[in-house]
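Enquirer: Sharing a structure, written as structure tokens. Questions coming.
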Amino acid sequence: MNSPAPAPRLRDRLREGLRRRRVRQALADLALWLFMAYPLPTLTEVPLWLRVVAAPLLAVAAPLSRRAPLAAATIPAVLGLAVTPELFTSTFSPALVALSFLLGRRTQDIRPSLTAAALLCAAGLVLALTLPGADLWDWFTLVTTVLFAAVLPWLLGRFRRQQYELHRAGWELAARMEREQQLVAERTRQRERSRIAGDMHDSLGHDLSLIAVRAAALQVSPGVDDAARASAAELRQAAADATERLRQIIGLLRQDATETSQSPATETVPDLVARTAASGVRISLHQHGTDGAEDAATDGLPPLVDRAAHRVVQEAVTNATKHAPGSTITVELRRNSTALEVTVRNGAGNSATPSDPAVGNGTGLISLDERVRQAGGTFRTHPTDDGFEVRAHLPLTPFAADPHPRTAPETVTGRSRSSQELAQARQRARRGMVNALWIPAAATAVLAMLMYGFQLYTSHQSVLPQRTYGDLRTGDTETSVTPRLPSYEFDDESRPYGAPPDPSDTDECRFYRTATFANSPLYRLCFTDGRLSHKDRVPNDRDSG
């Protein structure tokens, strides 16, 4: 009875892993929603109807933060603006902080996030200028809230993302270095095996050849009886057999010990192309022999060159079917008297943009580079206008081994690709940490300068000239007095220090500066039934409070 196929069990394990992942994500989204919604029943600064609407919106924002984190972060911002043009609320600020952090953690492009922050500040400015009772101080509060409740958590989320990328790049570098060290060790073993094979060939082969020559000379020398000739013939045959066995042993020593291809060792490039075409891949082979004719360019190749060419084509076809499925693959073998040129090209396939097979873990390309250099050749890969190309140059003559082998394909700067990727990840992490510090500090400094400038402006615009004050008469209507007053009143939210109590029969009292200095005395104008009923000069001594 046949054992059950492993494919269903693998599918079951994949489904179980996917189910567990979805459960973990659902629990994390539930915890996020509870964190964002816990102020709703406890704080009363938000109207009841808005809290009722906010609960399901925040429930939608929690899972939405995985697929569209920018849209999710917009929900608490809009809810905050619906409460106050200052944006800051104890009810929705925790949700804004959490979703802004996840926005930085889960997105790569920074432009949509920065654009959304700028649009939020612009909308707050419009509200501050148009809503009754709102002023620029509300907009300054909104900008401060955006800075510390949205931008700063977003920067921290980006820093956390870059930290994760740095850790992942470090682990990938460690794995790649381990693979490269294995390749170096294998190449060292291969070189040692070749050296041993050369020594055996040079020493034992020479001695066996001398034995065979002397046995042949003894066999044909005069004065030797038939028994001696028979013994000499047997000795000559034994030397020939030993030479053949030595040649077989040398061939085994020179055979690549890392050959793990699933194809048989005797498979040629045409066989590989035929087998690939039989599986449904659109592939073609073009061979150019030594005389330029369309003949078998792989006939009579040295074993090491033959296997290297086979491996190059095999890996290139594998990469093409993986990164550009459905593409047309062209294999070209061009042979001259000194070398074999192997070229494999593929188109873009079903993808809208061609994928670079060099972008990956690099194992196959590193192995190909090592194998081609073992054969004394060169190996190159590069994208084309419509796909990707792999090219190998394999000399047909023996070569001298490189006494200083490289551990990995290097760039023109002498640094390996993996080390460059790690350096770039470290640079991004350092830049993210610096940005998380200097951007809020710089924005705070700019905001403080704007607020100080606006404070000076409002202080100057709240000064009531002495002449205008002297022209005002009690009994004047409020409609005739107001146009002559400054644009702003005294800007202290609380009652000025040292000011006496307002008259009991007044409806409203306004305070204006006599000068731009902070402790300058104030003019007080009180209105009753739409007319100016009192006017006097009151102190504004902060130290007395």
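Letters A, B, ... mark the chains of the structure tokens in the order given; residue numbers begin at 1 per chain; ligand numbers begin at 1, in order shown.
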Excluding same-chain residues fewer than 6 positions from Gly453 (chain A), what lies within 12 Å of it counting only C-alpha atoms, as a PyMOL selection string?
Expert: chain A and resi 136-137+140+446-447+459-460
Enquirer: If you keep all heavy atoms, can you produce a file of those selected residues as a compact mmCIF listing (two decimals), in the first residue's frame?
Expert:
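Saved the output as part30.txt:
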```txt
# COMPACT_ATOMS: atom_id res chain seq x y z
N LEU A 136 -5.73 82.39 15.84
CA LEU A 136 -4.48 81.73 15.47
C LEU A 136 -3.86 80.96 16.63
O LEU A 136 -3.06 80.05 16.40
CB LEU A 136 -3.47 82.77 14.95
CG LEU A 136 -3.73 83.29 13.54
CD1 LEU A 136 -2.69 84.32 13.16
CD2 LEU A 136 -3.73 82.13 12.54
N TRP A 137 -4.22 81.34 17.85
CA TRP A 137 -3.70 80.55 18.98
C TRP A 137 -4.22 79.11 18.92
O TRP A 137 -3.51 78.16 19.31
CB TRP A 137 -4.07 81.20 20.31
CG TRP A 137 -3.30 82.45 20.57
CD1 TRP A 137 -3.79 83.71 20.59
CD2 TRP A 137 -1.90 82.55 20.80
NE1 TRP A 137 -2.78 84.62 20.84
CE2 TRP A 137 -1.60 83.93 20.97
CE3 TRP A 137 -0.85 81.63 20.90
CZ2 TRP A 137 -0.33 84.40 21.22
CZ3 TRP A 137 0.43 82.10 21.14
CH2 TRP A 137 0.69 83.46 21.30
N PHE A 140 -1.94 77.36 16.49
CA PHE A 140 -0.66 77.01 17.11
C PHE A 140 -0.80 75.76 17.97
O PHE A 140 0.09 74.89 17.99
CB PHE A 140 -0.14 78.18 17.95
CG PHE A 140 0.40 79.31 17.13
CD1 PHE A 140 0.03 80.62 17.40
CD2 PHE A 140 1.27 79.08 16.08
CE1 PHE A 140 0.51 81.67 16.65
CE2 PHE A 140 1.76 80.13 15.31
CZ PHE A 140 1.38 81.42 15.59
N VAL A 446 10.93 76.34 15.48
CA VAL A 446 10.24 77.18 14.50
C VAL A 446 8.87 77.60 15.03
O VAL A 446 8.46 78.76 14.90
CB VAL A 446 10.12 76.44 13.15
CG1 VAL A 446 9.23 77.21 12.19
CG2 VAL A 446 11.49 76.22 12.54
N LEU A 447 8.17 76.64 15.64
CA LEU A 447 6.85 76.96 16.18
C LEU A 447 6.95 77.98 17.32
O LEU A 447 6.13 78.90 17.43
CB LEU A 447 6.18 75.68 16.68
CG LEU A 447 4.75 75.83 17.21
CD1 LEU A 447 3.83 76.34 16.11
CD2 LEU A 447 4.25 74.49 17.75
N SER A 459 0.35 91.82 20.90
CA SER A 459 0.58 92.82 21.96
C SER A 459 0.56 94.22 21.36
O SER A 459 -0.01 95.17 21.95
CB SER A 459 1.92 92.55 22.65
OG SER A 459 1.90 91.30 23.30
N HIS A 460 1.17 94.37 20.22
CA HIS A 460 1.18 95.69 19.58
C HIS A 460 -0.21 96.08 19.10
O HIS A 460 -0.61 97.27 19.21
CB HIS A 460 2.16 95.67 18.41
CG HIS A 460 2.23 96.96 17.66
ND1 HIS A 460 2.85 98.09 18.17
CD2 HIS A 460 1.74 97.32 16.44
CE1 HIS A 460 2.74 99.09 17.30
NE2 HIS A 460 2.08 98.65 16.24
```
Enquirer: I need the residue nearest Pro63 (chain A) from this list: A:Leu32, A:Ala117, A:Ala443, A:Val143. Use only C-alpha atoms for the distance.
Expert: A:Leu32
Enquirer: Between A:Glu16, A:Glu180, A:Glu332, A:Glu389, which one has atoms that come closest to Ala316 (chain A), using only C-alpha atoms?
Expert: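 Checking each of A:Glu16, A:Glu180, A:Glu332, A:Glu389 against Ala316 (chain A), counting only C-alpha atoms, the winner is A:Glu389.
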Enquirer: Distance CA of Ala242 (chain A)-CA of Leu218 (chain A), one decimal place?
Expert: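 Taking CA of Ala242 (chain A) and CA of Leu218 (chain A), their separation equals 18.8 Å.
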Enquirer: Separation of CA of Val46 (chain A) and CA of Leu58 (chain A), in Å?
Expert: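 Calculated distance between CA of Val46 (chain A) and CA of Leu58 (chain A) is 14.9 Å.
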Enquirer: Between CA of Thr115 (chain A) and CA of Tyr164 (chain A), what is the spacing in Å?
Expert: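 Between these atoms lies a distance of 25.1 Å.
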Enquirer: If you run DSSP over the backbone, which residues in region 464-516 of chain A end up helix (DSSP H, G or I)? Put them as a list in words.
Expert: Gln466, Arg467, Thr468, Tyr469, Gly470, Asp471, Glu478, Thr479, Ser480, Val481, Thr482, Pro483 and Arg484 of chain A
Enquirer: Skipping near chain neighbours, those fewer than 5 positions away, what residues fall within 8 Å of Gly157 (chain A) using only C-alpha atoms, listed as an NGL selection string?
Expert: :A and (100-106)
Enquirer: Just list the residues in region 68-295 of chain A DSSP gives strand (DSSP E or B) on the backbone, as a list in words.
Expert: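 Assigned to strand (DSSP E or B), within region 68-295 of chain A: Ile283, Ser284, Leu285, His286, Gln287 and His288 of chain A.
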Enquirer: Those selected residues, please, written with C-alpha atoms and delivered as a PDB file, in the first residue's frame.
Expert:
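File written: part04.pdb
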```pdb
ATOM      1  CA  ILE A 283      13.212  28.143 -24.609  1.00  0.00           C
ATOM      2  CA  SER A 284      15.458  27.970 -27.664  1.00  0.00           C
ATOM      3  CA  LEU A 285      19.101  26.966 -28.202  1.00  0.00           C
ATOM      4  CA  HIS A 286      21.510  28.471 -30.737  1.00  0.00           C
ATOM      5  CA  GLN A 287      24.942  26.877 -31.186  1.00  0.00           C
ATOM      6  CA  HIS A 288      27.841  28.329 -33.140  1.00  0.00           C
TER       7      HIS A 288
END
```
Enquirer: Excluding Ser337 (chain A) and residues on its chain fewer than 3 positions from it, collect all residues at most 12 Å away from it, counting only C-alpha atoms, and give them as a PDB file with N, CA, C and O atoms, in the first residue's frame.
Expert:
```
ATOM      1  N   HIS A 288      26.930  27.855 -32.098  1.00  0.00           N
ATOM      2  CA  HIS A 288      27.841  28.329 -33.140  1.00  0.00           C
ATOM      3  C   HIS A 288      29.190  27.667 -32.887  1.00  0.00           C
ATOM      4  O   HIS A 288      29.835  27.911 -31.859  1.00  0.00           O
ATOM      5  N   GLY A 289      29.597  26.812 -33.833  1.00  0.00           N
ATOM      6  CA  GLY A 289      30.845  26.064 -33.682  1.00  0.00           C
ATOM      7  C   GLY A 289      32.063  26.882 -34.048  1.00  0.00           C
ATOM      8  O   GLY A 289      32.015  28.097 -34.258  1.00  0.00           O
ATOM      9  N   THR A 290      33.177  26.198 -34.132  1.00  0.00           N
ATOM     10  CA  THR A 290      34.456  26.868 -34.388  1.00  0.00           C
ATOM     11  C   THR A 290      34.507  27.508 -35.761  1.00  0.00           C
ATOM     12  O   THR A 290      35.185  28.514 -35.963  1.00  0.00           O
ATOM     13  N   ASP A 291      33.786  26.965 -36.726  1.00  0.00           N
ATOM     14  CA  ASP A 291      33.798  27.529 -38.068  1.00  0.00           C
ATOM     15  C   ASP A 291      32.590  28.419 -38.345  1.00  0.00           C
ATOM     16  O   ASP A 291      32.342  28.797 -39.482  1.00  0.00           O
ATOM     17  N   GLY A 292      31.816  28.750 -37.283  1.00  0.00           N
ATOM     18  CA  GLY A 292      30.663  29.611 -37.461  1.00  0.00           C
ATOM     19  C   GLY A 292      29.413  28.890 -37.889  1.00  0.00           C
ATOM     20  O   GLY A 292      28.359  29.502 -38.032  1.00  0.00           O
ATOM     21  N   ALA A 297      28.228  22.927 -30.373  1.00  0.00           N
ATOM     22  CA  ALA A 297      29.357  23.644 -29.787  1.00  0.00           C
ATOM     23  C   ALA A 297      29.871  22.975 -28.527  1.00  0.00           C
ATOM     24  O   ALA A 297      30.947  23.330 -28.039  1.00  0.00           O
ATOM     25  N   GLY A 300      33.136  17.538 -27.407  1.00  0.00           N
ATOM     26  CA  GLY A 300      34.557  17.501 -27.111  1.00  0.00           C
ATOM     27  C   GLY A 300      35.031  18.552 -26.136  1.00  0.00           C
ATOM     28  O   GLY A 300      36.233  18.861 -26.110  1.00  0.00           O
ATOM     29  N   LEU A 301      34.139  19.100 -25.317  1.00  0.00           N
ATOM     30  CA  LEU A 301      34.569  20.092 -24.332  1.00  0.00           C
ATOM     31  C   LEU A 301      35.287  19.422 -23.175  1.00  0.00           C
ATOM     32  O   LEU A 301      34.976  18.268 -22.816  1.00  0.00           O
ATOM     33  N   ARG A 334      28.514  29.895 -28.128  1.00  0.00           N
ATOM     34  CA  ARG A 334      29.405  30.332 -29.208  1.00  0.00           C
ATOM     35  C   ARG A 334      30.827  29.875 -28.856  1.00  0.00           C
ATOM     36  O   ARG A 334      31.397  30.324 -27.867  1.00  0.00           O
ATOM     37  N   LEU A 340      34.657  29.141 -24.843  1.00  0.00           N
ATOM     38  CA  LEU A 340      33.230  28.919 -25.064  1.00  0.00           C
ATOM     39  C   LEU A 340      32.473  30.055 -24.395  1.00  0.00           C
ATOM     40  O   LEU A 340      32.654  30.323 -23.196  1.00  0.00           O
ATOM     41  N   GLU A 341      31.634  30.760 -25.182  1.00  0.00           N
ATOM     42  CA  GLU A 341      30.798  31.832 -24.654  1.00  0.00           C
ATOM     43  C   GLU A 341      29.382  31.289 -24.433  1.00  0.00           C
ATOM     44  O   GLU A 341      28.746  30.791 -25.361  1.00  0.00           O
ATOM     45  N   LEU A 394      34.231  30.880 -20.826  1.00  0.00           N
ATOM     46  CA  LEU A 394      34.935  29.700 -20.312  1.00  0.00           C
ATOM     47  C   LEU A 394      36.071  29.345 -21.259  1.00  0.00           C
ATOM     48  O   LEU A 394      35.840  28.927 -22.403  1.00  0.00           O
ATOM     49  N   PRO A 395      37.336  29.516 -20.840  1.00  0.00           N
ATOM     50  CA  PRO A 395      38.464  29.132 -21.704  1.00  0.00           C
ATOM     51  C   PRO A 395      38.573  27.615 -21.822  1.00  0.00           C
ATOM     52  O   PRO A 395      38.273  26.875 -20.874  1.00  0.00           O
ATOM     53  N   LEU A 396      38.990  27.170 -22.982  1.00  0.00           N
ATOM     54  CA  LEU A 396      39.134  25.732 -23.228  1.00  0.00           C
ATOM     55  C   LEU A 396      40.491  25.199 -22.826  1.00  0.00           C
ATOM     56  O   LEU A 396      40.675  23.976 -22.757  1.00  0.00           O
ATOM     57  N   THR A 397      41.446  26.078 -22.574  1.00  0.00           N
ATOM     58  CA  THR A 397      42.797  25.652 -22.207  1.00  0.00           C
ATOM     59  C   THR A 397      42.951  25.688 -20.704  1.00  0.00           C
ATOM     60  O   THR A 397      42.249  26.416 -19.996  1.00  0.00           O
TER      61      THR A 397
END
```
Enquirer: So that I can see what lies close to Arg473 (chain A), please list as a tab-separated table (two decimals) with N, CA, C and O atoms, in the first residue's frame the residues with an atom at most 12 Å from it, counting only C-alpha atoms and leaving out residues fewer than 2 positions away in the same chain.
Expert:
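So the final result, stored in selection-v3.tsv, reads:
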```
chain	number	residue	atom	x	y	z
A	468	THR	N	-7.19	108.20	21.46
A	468	THR	CA	-8.46	107.53	21.18
A	468	THR	C	-9.21	107.28	22.47
A	468	THR	O	-10.45	107.45	22.54
A	469	TYR	N	-8.47	106.88	23.51
A	469	TYR	CA	-9.11	106.65	24.81
A	469	TYR	C	-9.75	107.94	25.33
A	469	TYR	O	-10.86	107.93	25.89
A	470	GLY	N	-9.05	109.07	25.14
A	470	GLY	CA	-9.59	110.34	25.61
A	470	GLY	C	-10.81	110.78	24.83
A	470	GLY	O	-11.69	111.50	25.37
A	471	ASP	N	-10.93	110.37	23.57
A	471	ASP	CA	-12.10	110.75	22.76
A	471	ASP	C	-13.34	109.95	23.11
A	471	ASP	O	-14.45	110.33	22.71
A	475	GLY	N	-21.60	106.65	27.54
A	475	GLY	CA	-22.87	106.84	26.89
A	475	GLY	C	-22.81	106.61	25.39
A	475	GLY	O	-23.86	106.50	24.74
A	476	ASP	N	-21.58	106.57	24.81
A	476	ASP	CA	-21.46	106.25	23.39
A	476	ASP	C	-21.95	104.83	23.14
A	476	ASP	O	-21.76	103.92	23.97
A	477	THR	N	-22.58	104.64	21.98
A	477	THR	CA	-23.06	103.30	21.65
A	477	THR	C	-21.88	102.37	21.37
A	477	THR	O	-20.80	102.80	20.92
A	478	GLU	N	-22.10	101.10	21.63
A	478	GLU	CA	-21.04	100.09	21.40
A	478	GLU	C	-20.69	100.00	19.92
A	478	GLU	O	-19.53	99.79	19.56
A	480	SER	N	-20.60	102.42	17.82
A	480	SER	CA	-19.73	103.53	17.44
A	480	SER	C	-18.37	103.46	18.10
A	480	SER	O	-17.39	104.03	17.59
A	481	VAL	N	-18.28	102.76	19.21
A	481	VAL	CA	-17.00	102.64	19.92
A	481	VAL	C	-16.13	101.53	19.33
A	481	VAL	O	-14.92	101.70	19.17
A	525	LEU	N	-12.75	99.14	29.51
A	525	LEU	CA	-13.97	99.70	28.94
A	525	LEU	C	-15.11	98.73	29.23
A	525	LEU	O	-15.05	97.55	28.83
A	526	CYS	N	-16.13	99.22	29.90
A	526	CYS	CA	-17.28	98.38	30.27
A	526	CYS	C	-18.52	98.89	29.54
A	526	CYS	O	-18.75	100.10	29.42
A	527	PHE	N	-19.32	97.89	29.12
A	527	PHE	CA	-20.52	98.21	28.34
A	527	PHE	C	-21.75	97.68	29.08
A	527	PHE	O	-21.73	96.57	29.65
A	531	ARG	N	-24.12	100.27	25.49
A	531	ARG	CA	-23.49	101.57	25.56
A	531	ARG	C	-22.28	101.52	26.51
A	531	ARG	O	-22.23	100.69	27.42
A	532	LEU	N	-21.31	102.40	26.24
A	532	LEU	CA	-20.13	102.49	27.10
A	532	LEU	C	-20.53	103.12	28.42
A	532	LEU	O	-20.97	104.30	28.47
A	533	SER	N	-20.44	102.34	29.50
A	533	SER	CA	-20.90	102.81	30.81
A	533	SER	C	-19.75	103.19	31.73
A	533	SER	O	-19.91	104.06	32.60
A	534	HIS	N	-18.60	102.58	31.59
A	534	HIS	CA	-17.45	102.87	32.45
A	534	HIS	C	-16.19	102.80	31.61
A	534	HIS	O	-16.06	101.96	30.71
A	535	LYS	N	-15.25	103.67	31.94
A	535	LYS	CA	-13.91	103.58	31.37
A	535	LYS	C	-12.93	104.08	32.42
A	535	LYS	O	-13.16	105.10	33.08
A	536	ASP	N	-11.87	103.33	32.61
A	536	ASP	CA	-10.86	103.72	33.60
A	536	ASP	C	-9.53	103.06	33.27
A	536	ASP	O	-9.44	102.24	32.36
```
Enquirer: Between A:Asp135, A:Glu172, A:Asp502, A:Glu267, which is the closest to Phe454 (chain A) once you count only C-alpha atoms?
Expert: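 The closest residue to Phe454 (chain A) is A:Asp135.
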Enquirer: When distances are computed from only C-alpha atoms, which of A:Ala128, A:Ser487, A:Ser462, A:Arg67 shows the smallest separation from Ala515 (chain A)?
Expert: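 Comparing A:Ala128, A:Ser487, A:Ser462, A:Arg67 against Ala515 (chain A), the winner is A:Ser462.
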